[in-house]
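So this one's structure_11.csv, CSV, C-alpha atoms:
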```
chain,number,residue,atom,x,y,z
A,1,MET,CA,0.4,39.3,47.3
A,2,THR,CA,1.4,35.9,46.2
A,3,ALA,CA,2.3,35.0,42.7
A,4,SER,CA,0.8,31.8,41.3
A,5,VAL,CA,2.5,29.7,38.8
A,6,THR,CA,0.5,27.4,36.5
A,7,LEU,CA,2.4,24.3,35.6
A,8,PRO,CA,1.7,22.5,32.3
A,9,ARG,CA,-0.8,19.7,32.6
A,10,ALA,CA,1.8,17.1,31.6
A,11,ALA,CA,4.1,18.2,34.4
A,12,THR,CA,1.5,17.9,37.1
A,13,GLN,CA,0.2,14.5,35.9
A,14,PRO,CA,1.7,11.6,37.9
A,15,LEU,CA,4.3,9.6,35.9
A,16,VAL,CA,2.5,6.3,36.4
A,17,SER,CA,-0.8,7.6,35.0
A,18,ARG,CA,1.1,9.1,32.0
A,19,ARG,CA,2.8,5.7,31.4
A,20,SER,CA,-0.6,3.9,31.7
A,21,ALA,CA,-2.1,6.3,29.2
A,22,ARG,CA,0.7,5.6,26.8
A,23,VAL,CA,0.3,1.8,27.2
A,24,LEU,CA,-3.4,2.1,26.8
A,25,ARG,CA,-3.1,4.1,23.6
A,26,GLY,CA,-0.6,1.5,22.3
A,27,ALA,CA,-2.9,-1.4,23.2
A,28,ALA,CA,-5.8,0.4,21.5
A,29,GLY,CA,-3.8,0.7,18.3
A,30,VAL,CA,-3.0,-3.1,18.4
A,31,LEU,CA,-6.6,-3.9,19.2
A,32,LEU,CA,-7.8,-1.8,16.3
A,33,LEU,CA,-5.4,-3.6,13.9
A,34,LEU,CA,-6.6,-7.0,15.1
A,35,VAL,CA,-10.3,-6.1,14.7
A,36,ALA,CA,-9.7,-4.7,11.2
A,37,TRP,CA,-7.7,-7.8,10.3
A,38,GLN,CA,-10.4,-10.2,11.6
A,39,LEU,CA,-13.2,-8.2,9.7
A,40,SER,CA,-11.2,-8.1,6.5
A,41,VAL,CA,-10.9,-12.0,6.3
A,42,PRO,CA,-14.5,-12.7,5.0
A,43,LEU,CA,-14.2,-9.6,2.7
A,44,VAL,CA,-10.9,-10.9,1.2
A,45,GLY,CA,-12.4,-14.4,0.9
A,46,LEU,CA,-9.0,-16.2,0.7
A,47,SER,CA,-8.2,-19.6,2.3
A,48,PRO,CA,-6.4,-19.6,5.7
A,49,TYR,CA,-3.2,-20.7,3.8
A,50,PHE,CA,-3.1,-17.3,2.0
A,51,TYR,CA,-4.7,-15.1,4.6
A,52,PRO,CA,-5.2,-16.5,8.1
A,53,ALA,CA,-7.5,-14.7,10.5
A,54,PRO,CA,-6.3,-13.6,14.0
A,55,SER,CA,-8.5,-16.4,15.4
A,56,ASP,CA,-6.5,-18.9,13.3
A,57,VAL,CA,-3.3,-17.5,14.6
A,58,VAL,CA,-4.5,-17.7,18.2
A,59,ALA,CA,-5.6,-21.4,17.6
A,60,SER,CA,-2.3,-22.1,16.0
A,61,PHE,CA,-0.5,-20.6,19.0
A,62,ALA,CA,-2.5,-22.7,21.4
A,63,ASP,CA,-1.8,-25.8,19.3
A,64,LEU,CA,2.0,-25.1,19.3
A,65,ILE,CA,2.0,-24.8,23.1
A,66,ARG,CA,-0.1,-27.9,23.6
A,67,LYS,CA,2.2,-29.9,21.4
A,68,GLY,CA,5.3,-28.6,23.1
A,69,ILE,CA,6.8,-27.2,19.9
A,70,LEU,CA,6.8,-23.5,20.8
A,71,PRO,CA,8.5,-23.7,24.2
A,72,VAL,CA,11.3,-25.9,22.8
A,73,TYR,CA,11.8,-23.7,19.7
A,74,PHE,CA,11.7,-20.5,21.8
A,75,ALA,CA,14.3,-21.9,24.3
A,76,ASP,CA,16.5,-23.0,21.5
A,77,SER,CA,16.4,-19.6,19.8
A,78,MET,CA,17.0,-17.7,23.1
A,79,GLY,CA,20.0,-20.0,24.0
A,80,ARG,CA,21.6,-19.4,20.6
A,81,TYR,CA,20.8,-15.6,20.7
A,82,PHE,CA,22.3,-14.9,24.1
A,83,ALA,CA,25.3,-17.2,23.5
A,84,GLY,CA,26.0,-15.5,20.1
A,85,LEU,CA,25.4,-12.0,21.6
A,86,ALA,CA,27.8,-12.6,24.5
A,87,ALA,CA,30.6,-14.1,22.4
A,88,GLY,CA,30.2,-11.4,19.7
A,89,ALA,CA,30.2,-8.6,22.2
A,90,LEU,CA,33.2,-10.0,24.1
A,91,LEU,CA,35.2,-10.3,20.9
A,92,GLY,CA,34.1,-6.9,19.7
A,93,VAL,CA,35.2,-5.2,22.9
A,94,VAL,CA,38.5,-7.0,23.0
A,95,PHE,CA,39.4,-6.2,19.4
A,96,GLY,CA,38.0,-2.6,19.7
A,97,VAL,CA,40.2,-1.9,22.7
A,98,ALA,CA,43.3,-3.6,21.1
A,99,ILE,CA,42.9,-1.7,17.9
A,100,GLY,CA,42.2,1.6,19.7
A,101,LEU,CA,45.3,1.3,21.9
A,102,ASN,CA,47.8,-0.3,19.6
A,103,ARG,CA,48.7,1.4,16.3
A,104,THR,CA,50.4,-1.8,14.9
A,105,VAL,CA,47.3,-3.8,15.5
A,106,ALA,CA,45.1,-1.0,14.0
A,107,VAL,CA,47.2,-0.8,10.8
A,108,THR,CA,47.3,-4.6,10.5
A,109,LEU,CA,43.6,-5.3,11.1
A,110,SER,CA,41.8,-2.3,9.8
A,111,PRO,CA,41.8,-3.1,6.1
A,112,LEU,CA,40.7,-6.7,6.8
A,113,LEU,CA,37.9,-5.6,9.2
A,114,LYS,CA,36.7,-3.0,6.7
A,115,PHE,CA,36.6,-5.6,4.0
A,116,LEU,CA,34.7,-8.1,6.3
A,117,PHE,CA,32.3,-5.5,7.5
A,118,ALA,CA,31.1,-5.0,3.9
A,119,ILE,CA,30.1,-8.6,3.6
A,120,VAL,CA,26.8,-9.2,5.3
A,121,GLU,CA,26.3,-12.3,7.4
A,122,VAL,CA,23.7,-13.6,4.9
A,123,ALA,CA,26.5,-14.1,2.5
A,124,TRP,CA,28.6,-16.1,5.0
A,125,ILE,CA,25.9,-18.5,6.2
A,126,PRO,CA,26.1,-20.8,3.1
A,127,ILE,CA,29.8,-21.1,3.4
A,128,PHE,CA,29.5,-21.7,7.2
A,129,VAL,CA,27.0,-24.5,6.4
A,130,VAL,CA,29.6,-26.0,4.0
A,131,TRP,CA,32.3,-25.8,6.7
A,132,PHE,CA,30.4,-26.6,9.9
A,133,GLY,CA,27.2,-28.2,8.7
A,134,TYR,CA,23.7,-27.4,9.8
A,135,GLY,CA,23.3,-26.6,13.4
A,136,LEU,CA,24.6,-24.7,16.4
A,137,LYS,CA,28.1,-23.9,15.2
A,138,THR,CA,26.9,-22.2,12.0
A,139,ILE,CA,24.2,-20.2,13.8
A,140,LEU,CA,26.6,-19.1,16.5
A,141,LEU,CA,29.2,-18.0,14.0
A,142,ALA,CA,26.6,-16.0,12.1
A,143,LEU,CA,25.4,-14.3,15.3
A,144,ILE,CA,29.0,-13.6,16.5
A,145,TYR,CA,29.8,-12.1,13.1
A,146,VAL,CA,26.7,-9.8,13.2
A,147,VAL,CA,27.3,-8.6,16.8
A,148,PHE,CA,31.1,-8.2,16.4
A,149,PHE,CA,31.3,-5.2,14.1
A,150,PRO,CA,28.9,-2.8,15.7
A,151,VAL,CA,30.4,-3.5,19.1
A,152,LEU,CA,34.0,-3.2,17.7
A,153,TYR,CA,33.4,0.1,15.9
A,154,ASN,CA,31.6,1.7,18.8
A,155,THR,CA,34.2,0.5,21.3
A,156,LEU,CA,36.9,1.8,19.0
A,157,LEU,CA,35.2,5.2,18.9
A,158,GLY,CA,34.9,5.2,22.7
A,159,VAL,CA,38.6,4.3,23.2
A,160,ARG,CA,39.8,6.9,20.7
A,161,THR,CA,37.6,9.7,22.2
A,162,ALA,CA,38.8,9.0,25.8
A,163,PRO,CA,39.8,12.4,27.2
A,164,GLN,CA,43.6,12.6,26.7
A,165,ILE,CA,43.9,14.9,29.8
A,166,LEU,CA,42.7,12.0,32.0
A,167,VAL,CA,45.1,9.6,30.4
A,168,ASN,CA,48.0,12.1,30.8
A,169,ALA,CA,47.1,12.8,34.4
A,170,LEU,CA,47.1,9.2,35.3
A,171,ARG,CA,50.4,8.6,33.5
A,172,SER,CA,52.0,11.5,35.3
A,173,LEU,CA,50.9,10.0,38.6
A,174,GLY,CA,52.7,6.8,37.7
A,175,ALA,CA,49.7,4.7,36.7
A,176,THR,CA,50.5,1.4,34.9
A,177,ARG,CA,49.0,0.7,31.4
A,178,TRP,CA,46.4,-1.5,33.0
A,179,GLN,CA,45.4,1.3,35.5
A,180,VAL,CA,45.1,3.8,32.6
A,181,LEU,CA,42.9,1.3,30.8
A,182,ARG,CA,40.9,0.5,33.9
A,183,TYR,CA,40.3,4.1,35.2
A,184,ALA,CA,40.3,6.3,32.1
A,185,ILE,CA,39.9,4.5,28.8
A,186,LEU,CA,37.3,1.8,29.7
A,187,PRO,CA,34.9,4.1,31.5
A,188,SER,CA,35.1,6.6,28.6
A,189,ALA,CA,34.5,3.8,26.1
A,190,LEU,CA,31.6,2.3,28.1
A,191,PRO,CA,28.8,4.5,26.5
A,192,GLY,CA,30.2,3.4,23.1
A,193,ILE,CA,30.3,-0.3,24.1
A,194,ILE,CA,26.6,-0.1,25.3
A,195,THR,CA,25.6,1.6,22.1
A,196,GLY,CA,27.3,-1.1,20.1
A,197,LEU,CA,25.8,-3.8,22.2
A,198,ARG,CA,22.3,-2.4,21.7
A,199,VAL,CA,22.8,-2.1,17.9
A,200,GLY,CA,24.4,-5.5,17.8
A,201,ALA,CA,21.6,-7.0,19.8
A,202,GLY,CA,19.1,-5.8,17.2
A,203,PHE,CA,21.2,-7.0,14.3
A,204,ALA,CA,21.6,-10.4,16.1
A,205,PHE,CA,17.9,-10.8,16.4
A,206,ARG,CA,17.5,-10.4,12.6
A,207,GLY,CA,20.5,-12.6,12.0
A,208,LEU,CA,19.1,-15.3,14.2
A,209,VAL,CA,15.9,-15.6,12.1
A,210,PHE,CA,17.8,-15.9,8.9
A,211,ALA,CA,20.4,-18.3,10.3
A,212,GLU,CA,17.7,-20.6,11.7
A,213,ILE,CA,15.8,-20.5,8.5
A,214,VAL,CA,18.9,-21.7,6.6
A,215,ALA,CA,20.8,-23.8,9.1
A,216,ALA,CA,18.5,-25.1,11.9
A,217,LYS,CA,16.0,-27.8,12.5
A,218,SER,CA,14.5,-25.9,15.5
A,219,GLY,CA,14.0,-22.4,16.7
A,220,ILE,CA,11.6,-19.6,15.9
A,221,GLY,CA,13.2,-18.8,12.6
A,222,TYR,CA,12.8,-22.4,11.6
A,223,LEU,CA,9.1,-22.3,12.7
A,224,ILE,CA,8.5,-19.3,10.5
A,225,PHE,CA,10.1,-21.1,7.5
A,226,GLU,CA,8.5,-24.5,8.3
A,227,GLY,CA,5.0,-22.9,8.6
A,228,THR,CA,5.0,-21.8,5.0
A,229,GLN,CA,6.6,-25.1,3.8
A,230,THR,CA,3.8,-27.1,5.4
A,231,GLN,CA,1.1,-24.7,4.4
A,232,GLN,CA,0.5,-23.7,8.0
A,233,THR,CA,0.7,-20.0,7.4
A,234,ALA,CA,-0.8,-19.2,10.9
A,235,ARG,CA,2.3,-20.9,12.4
A,236,THR,CA,4.5,-18.5,10.4
A,237,ILE,CA,2.6,-15.6,11.8
A,238,VAL,CA,2.8,-17.0,15.3
A,239,GLY,CA,6.6,-17.2,14.9
A,240,MET,CA,6.7,-13.6,13.7
A,241,ILE,CA,4.6,-12.3,16.6
A,242,VAL,CA,6.7,-14.3,19.1
A,243,MET,CA,9.9,-12.8,17.6
A,244,GLY,CA,8.4,-9.2,17.8
A,245,LEU,CA,7.2,-9.6,21.4
A,246,THR,CA,10.5,-11.2,22.5
A,247,TRP,CA,12.5,-8.3,21.0
A,248,LEU,CA,10.2,-5.8,22.8
A,249,ALA,CA,10.7,-7.7,26.1
A,250,ILE,CA,14.5,-7.8,25.7
A,251,ASP,CA,14.6,-4.1,24.8
A,252,LEU,CA,12.3,-3.2,27.7
A,253,CYS,CA,13.8,-5.5,30.4
A,254,TYR,CA,17.5,-5.3,29.5
A,255,LEU,CA,18.7,-2.9,26.8
A,256,ARG,CA,16.8,0.2,27.8
A,257,PRO,CA,17.5,-0.1,31.5
A,258,LEU,CA,21.2,-0.8,30.7
A,259,GLU,CA,21.3,2.3,28.6
A,260,ARG,CA,19.6,4.3,31.3
A,261,ALA,CA,22.1,3.0,33.9
A,262,THR,CA,25.1,4.0,31.8
A,263,ILE,CA,24.8,6.4,28.9
A,264,GLN,CA,21.8,8.5,30.1
A,265,ARG,CA,23.1,8.5,33.7
A,266,TRP,CA,26.2,10.3,32.5
A,267,GLY,CA,24.1,12.8,30.5
A,268,LEU,CA,25.4,11.6,27.1
A,269,THR,CA,22.0,11.0,25.5
A,270,VAL,CA,18.3,11.3,26.3
A,271,ASP,CA,15.8,8.4,25.8
A,272,ALA,CA,13.7,9.4,22.8
A,273,GLU,CA,10.6,7.9,24.4
A,274,GLN,CA,10.9,10.3,27.4
A,275,ARG,CA,10.8,13.3,25.0
A,276,THR,CA,7.6,12.2,23.4
B,1,MET,CA,16.9,-9.8,51.1
B,2,ARG,CA,19.0,-7.3,49.2
B,3,LEU,CA,19.4,-8.0,45.6
B,4,PRO,CA,22.5,-7.1,43.6
B,5,PHE,CA,22.0,-3.6,42.1
B,6,SER,CA,18.8,-3.2,44.2
B,7,ASP,CA,19.7,0.4,44.9
B,8,ALA,CA,19.9,1.3,41.3
B,9,PRO,CA,16.3,1.8,40.1
B,10,SER,CA,17.3,1.4,36.5
B,11,LEU,CA,18.7,-2.0,37.1
B,12,ARG,CA,15.8,-3.3,39.1
B,13,VAL,CA,14.0,-4.3,35.9
B,14,PRO,CA,16.7,-6.5,34.4
B,15,VAL,CA,17.4,-8.2,37.8
B,16,THR,CA,13.7,-8.8,38.4
B,17,ALA,CA,13.3,-10.1,34.8
B,18,THR,CA,16.2,-12.4,35.2
B,19,LEU,CA,14.8,-13.8,38.5
B,20,VAL,CA,11.4,-14.3,36.8
B,21,VAL,CA,13.1,-16.3,34.0
B,22,ILE,CA,15.1,-18.4,36.5
B,23,ALA,CA,11.9,-19.0,38.5
B,24,VAL,CA,10.0,-20.1,35.4
B,25,LEU,CA,12.8,-22.4,34.4
B,26,ALA,CA,13.0,-23.9,37.9
B,27,ALA,CA,9.2,-24.4,37.9
B,28,TRP,CA,9.4,-26.0,34.4
B,29,TRP,CA,12.1,-28.4,35.6
B,30,MET,CA,10.2,-29.4,38.7
B,31,ALA,CA,7.0,-30.0,36.8
B,32,ALA,CA,8.9,-32.2,34.3
B,33,THR,CA,10.5,-34.2,37.2
B,34,VAL,CA,7.1,-34.7,38.9
B,35,ALA,CA,5.5,-35.7,35.5
B,36,ALA,CA,8.4,-38.1,34.8
B,37,ASP,CA,8.0,-39.8,38.2
B,38,ARG,CA,4.3,-40.1,37.8
B,39,LYS,CA,4.5,-41.7,34.3
B,40,LEU,CA,7.4,-44.0,35.2
B,41,ALA,CA,5.6,-45.1,38.3
B,42,ALA,CA,2.8,-46.4,36.1
B,43,LEU,CA,5.4,-48.4,34.1
B,44,GLY,CA,6.7,-50.2,37.2
B,45,ALA,CA,10.4,-51.0,37.6
B,46,VAL,CA,12.5,-49.4,34.8
B,47,PRO,CA,15.2,-51.8,33.6
B,48,ALA,CA,18.8,-50.6,34.1
B,49,ASP,CA,19.7,-51.4,30.5
B,50,ARG,CA,18.3,-50.1,27.2
B,51,GLY,CA,14.7,-51.1,26.5
B,52,SER,CA,11.8,-50.9,24.1
B,53,TYR,CA,8.9,-48.7,24.9
B,54,ARG,CA,5.5,-47.5,23.5
B,55,ILE,CA,5.3,-43.7,23.9
B,56,VAL,CA,1.7,-42.5,23.8
B,57,LEU,CA,1.2,-38.9,22.9
B,58,ALA,CA,-1.9,-36.7,23.3
B,59,PHE,CA,-2.1,-36.2,19.5
B,60,ALA,CA,-0.6,-37.7,16.3
B,61,PRO,CA,3.1,-36.9,16.4
B,62,GLU,CA,4.5,-34.3,14.1
B,63,ARG,CA,8.0,-34.1,12.6
B,64,PHE,CA,9.2,-32.2,15.7
B,65,HIS,CA,8.1,-35.0,18.1
B,66,GLN,CA,9.7,-37.7,15.9
B,67,LEU,CA,13.0,-35.8,15.8
B,68,ARG,CA,12.9,-35.3,19.6
B,69,LEU,CA,12.2,-38.9,20.2
B,70,GLN,CA,14.9,-40.0,17.8
B,71,GLU,CA,17.4,-38.3,20.0
B,72,ALA,CA,16.4,-40.7,22.8
B,73,GLY,CA,16.5,-44.0,20.9
B,74,ARG,CA,15.6,-45.8,17.7
B,75,LEU,CA,12.2,-44.9,16.4
B,76,VAL,CA,10.7,-48.0,14.9
B,77,GLU,CA,7.1,-47.2,14.1
B,78,VAL,CA,4.4,-44.6,14.5
B,79,ARG,CA,0.8,-45.7,14.7
B,80,GLU,CA,-1.7,-42.9,15.3
B,81,ARG,CA,-0.8,-41.4,18.7
B,82,THR,CA,1.7,-44.1,19.6
B,83,VAL,CA,5.4,-44.1,18.9
B,84,TYR,CA,7.3,-47.4,19.2
B,85,MET,CA,10.9,-47.1,20.2
B,86,MET,CA,13.9,-49.4,20.8
B,87,ASP,CA,17.3,-48.9,22.5
B,88,VAL,CA,16.1,-46.3,24.9
B,89,THR,CA,18.3,-45.8,27.9
B,90,PRO,CA,16.7,-45.2,31.4
B,91,ALA,CA,17.9,-41.6,31.4
B,92,ALA,CA,16.5,-40.9,27.9
B,93,LEU,CA,13.2,-42.6,29.0
B,94,ARG,CA,13.0,-40.3,32.0
B,95,GLY,CA,13.5,-37.3,29.6
B,96,ILE,CA,10.7,-38.5,27.4
B,97,ALA,CA,8.4,-39.1,30.3
B,98,GLY,CA,9.1,-35.6,31.6
B,99,GLU,CA,7.7,-34.0,28.4
B,100,TYR,CA,4.2,-32.7,29.0
B,101,TRP,CA,3.0,-33.7,25.6
B,102,VAL,CA,3.7,-37.3,26.4
B,103,ASP,CA,0.6,-38.9,27.8
B,104,GLY,CA,2.1,-42.2,28.9
B,105,VAL,CA,5.0,-44.7,28.6
B,106,ALA,CA,4.6,-48.4,28.4
B,107,SER,CA,6.9,-51.4,27.9
B,108,TRP,CA,7.0,-53.0,24.5
B,109,ASP,CA,8.3,-56.4,23.6
B,110,GLY,CA,9.8,-55.1,20.4
B,111,ARG,CA,7.6,-57.1,18.1
```
Re-express the file's structure as structure tokens.
Amino acid sequence: MTASVTLPRAATQPLVSRRSARVLRGAAGVLLLLVAWQLSVPLVGLSPYFYPAPSDVVASFADLIRKGILPVYFADSMGRYFAGLAAGALLGVVFGVAIGLNRTVAVTLSPLLKFLFAIVEVAWIPIFVVWFGYGLKTILLALIYVVFFPVLYNTLLGVRTAPQILVNALRSLGATRWQVLRYAILPSALPGIITGLRVGAGFAFRGLVFAEIVAAKSGIGYLIFEGTQTQQTARTIVGMIVMGLTWLAIDLCYLRPLERATIQRWGLTVDAEQRT
Amino acid sequence: MRLPFSDAPSLRVPVTATLVVIAVLAAWWMAATVAADRKLAALGAVPADRGSYRIVLAFAPERFHQLRLQEAGRLVEVRERTVYMMDVTPAALRGIAGEYWVDGVASWDGR
């Protein structure tokens, strides 16, 4: 006699079809929202300045592409974003490791860093404008500031929670300080660094919009601001949609795979989306 | 061809995405170069020195276009779809001609 086991339906369903079903459900939700939005426009009866229809937004998107505005603004924003993210992450890791490893550095810098952490980048941007004027320097500084703290604190956490037994084992085998850092502390801190990077990347995206609104003459943040200033609200909405889609793409193409390749690979966390 | 990280399935997506971005940028650059060559060929010989030009757009220029063009030279006047510019270097003219929203470039006597 053979025993038969019935697997749950979800387990037998191929992964691709489950993903497709999830994408389709998500697309259906977006489509429903767009239809409701379009239908509500004649009911609300306001001018496109106050309440543009999705068709106005699509027309505005095509117009921005035709006139070459959107590609240039998008490229400007992405250049600033990745430059700020890279510089902020690098500084965060360097300071996080230095503070985590050296007590004197920790005692000297901790109060100052805690004080600066409490001041949001929004408060710094006006003073950056005074010091560095409108433009790239101010935006980059704002982004570096935003990324620096989450990366620093998560790196610090990773360094301080590095297994002491590994550090001691390496030291007893005659490893140099660099070798202890390279083979025990940095690998232990990597999940923390990745977490900090992901948090910082999200913060930087929000910071970018604000910095561009205040201190730029180009970029998606500037487009959002300029749209309302010139009574082209549809352009503002195009900027918002581009921002949202860009973040989704960055998360999907870079941050999530990076997290999977590091943190989840070592069993430290589980992707929330896989559980749903 | 083996790509870096091609064995790690989780890093295949970032590597592919980066390659797609690079391909798009390369295609963009090539399209701009071809467009610049085509528009400058219609102009004839480009002087080695700074010159004055009429830049014809496909639409009435907005502030964005005026600011972009000001980076290339001295913007003198805007009449409907045409922007009159002075002190434009050959390199800057090539940059302007490469923009897809520029319909054409013509010499201008500066008057």
Would you pick out the contacts of Thr82 of chain B at 9 Å or less, using all atoms listed in the file, so that residues sharing its chain but fewer than 6 positions from it are not included, and give the list as a JSON list (two decimals) with C-alpha atoms, keeping the file's coordinate frame?
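Saved result, result_19.json, follows:
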```json
[["chain", "number", "residue", "atom", "x", "y", "z"],
["B", 54, "ARG", "CA", 5.50, -47.50, 23.50],
["B", 55, "ILE", "CA", 5.30, -43.70, 23.90],
["B", 56, "VAL", "CA", 1.70, -42.50, 23.80],
["B", 57, "LEU", "CA", 1.20, -38.90, 22.90],
["B", 59, "PHE", "CA", -2.10, -36.20, 19.50],
["B", 60, "ALA", "CA", -0.60, -37.70, 16.30],
["B", 61, "PRO", "CA", 3.10, -36.90, 16.40]]
```
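Atom pair atom CA of Ala249 of chain A / atom CA of Ala32 of chain B has a distance of 25.9 Å (rounded to one decimal).
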Inset, instruction - Taking only C-alpha atoms into account, report as JSON, numbers by chain which residues of chain A lie within 7 Å of chain B. - result: {"A": [66, 67, 68, 69, 253, 254, 257, 258, 260, 261]}
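Closest approach to Arg182 of chain A among A:Leu39, A:Val159, A:Gly196, A:Ser77 is made by A:Val159 (distances from all atoms listed in the file).
Shortest atom-to-atom contact with Ala162 of chain A among A:Phe115, A:Tyr183, A:Phe225, A:Phe74: A:Tyr183, counting all atoms listed in the file.
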Legend entry - Long-range neighbours of segment 94-102 of chain A as a VMD selection string, 8 Å cut-off, all atoms listed in the file, 3 positions minimum in chain: chain A and resid 90 to 91 105 to 106 109 151 to 157 159 to 160
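Atom CA of Met85 of chain B sits 5.5 Å away from atom CA of Ser52 of chain B.
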Please identify all polymer residues lying at most 10 Å from the point (12.5, -20.7, 10.8) (file coordinates), using all atoms listed in the file, and present the result as a compact mmCIF listing (two decimals) with C-alpha atoms, keeping the file's coordinate frame.
```
# COMPACT_ATOMS: atom_id res chain seq x y z
CA TYR A 73 11.80 -23.70 19.70
CA SER A 77 16.40 -19.60 19.80
CA LEU A 208 19.10 -15.30 14.20
CA VAL A 209 15.90 -15.60 12.10
CA PHE A 210 17.80 -15.90 8.90
CA ALA A 211 20.40 -18.30 10.30
CA GLU A 212 17.70 -20.60 11.70
CA ILE A 213 15.80 -20.50 8.50
CA VAL A 214 18.90 -21.70 6.60
CA ALA A 215 20.80 -23.80 9.10
CA ALA A 216 18.50 -25.10 11.90
CA LYS A 217 16.00 -27.80 12.50
CA SER A 218 14.50 -25.90 15.50
CA GLY A 219 14.00 -22.40 16.70
CA ILE A 220 11.60 -19.60 15.90
CA GLY A 221 13.20 -18.80 12.60
CA TYR A 222 12.80 -22.40 11.60
CA LEU A 223 9.10 -22.30 12.70
CA ILE A 224 8.50 -19.30 10.50
CA PHE A 225 10.10 -21.10 7.50
CA GLU A 226 8.50 -24.50 8.30
CA GLY A 227 5.00 -22.90 8.60
CA THR A 228 5.00 -21.80 5.00
CA THR A 236 4.50 -18.50 10.40
CA GLY A 239 6.60 -17.20 14.90
CA MET A 240 6.70 -13.60 13.70
```
Inset, instruction - Just the residues within 8 Å of segment 25-38 of chain A, please, counting all atoms listed in the file, with nothing from its chain fewer than 6 positions along; format it as a ChimeraX atom specification. - result: /A:53-55
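Closest to Ala201 of chain A among A:Ala83, A:Ile127, A:Val107, A:Ile119 is A:Ala83, based on all atoms listed in the file.
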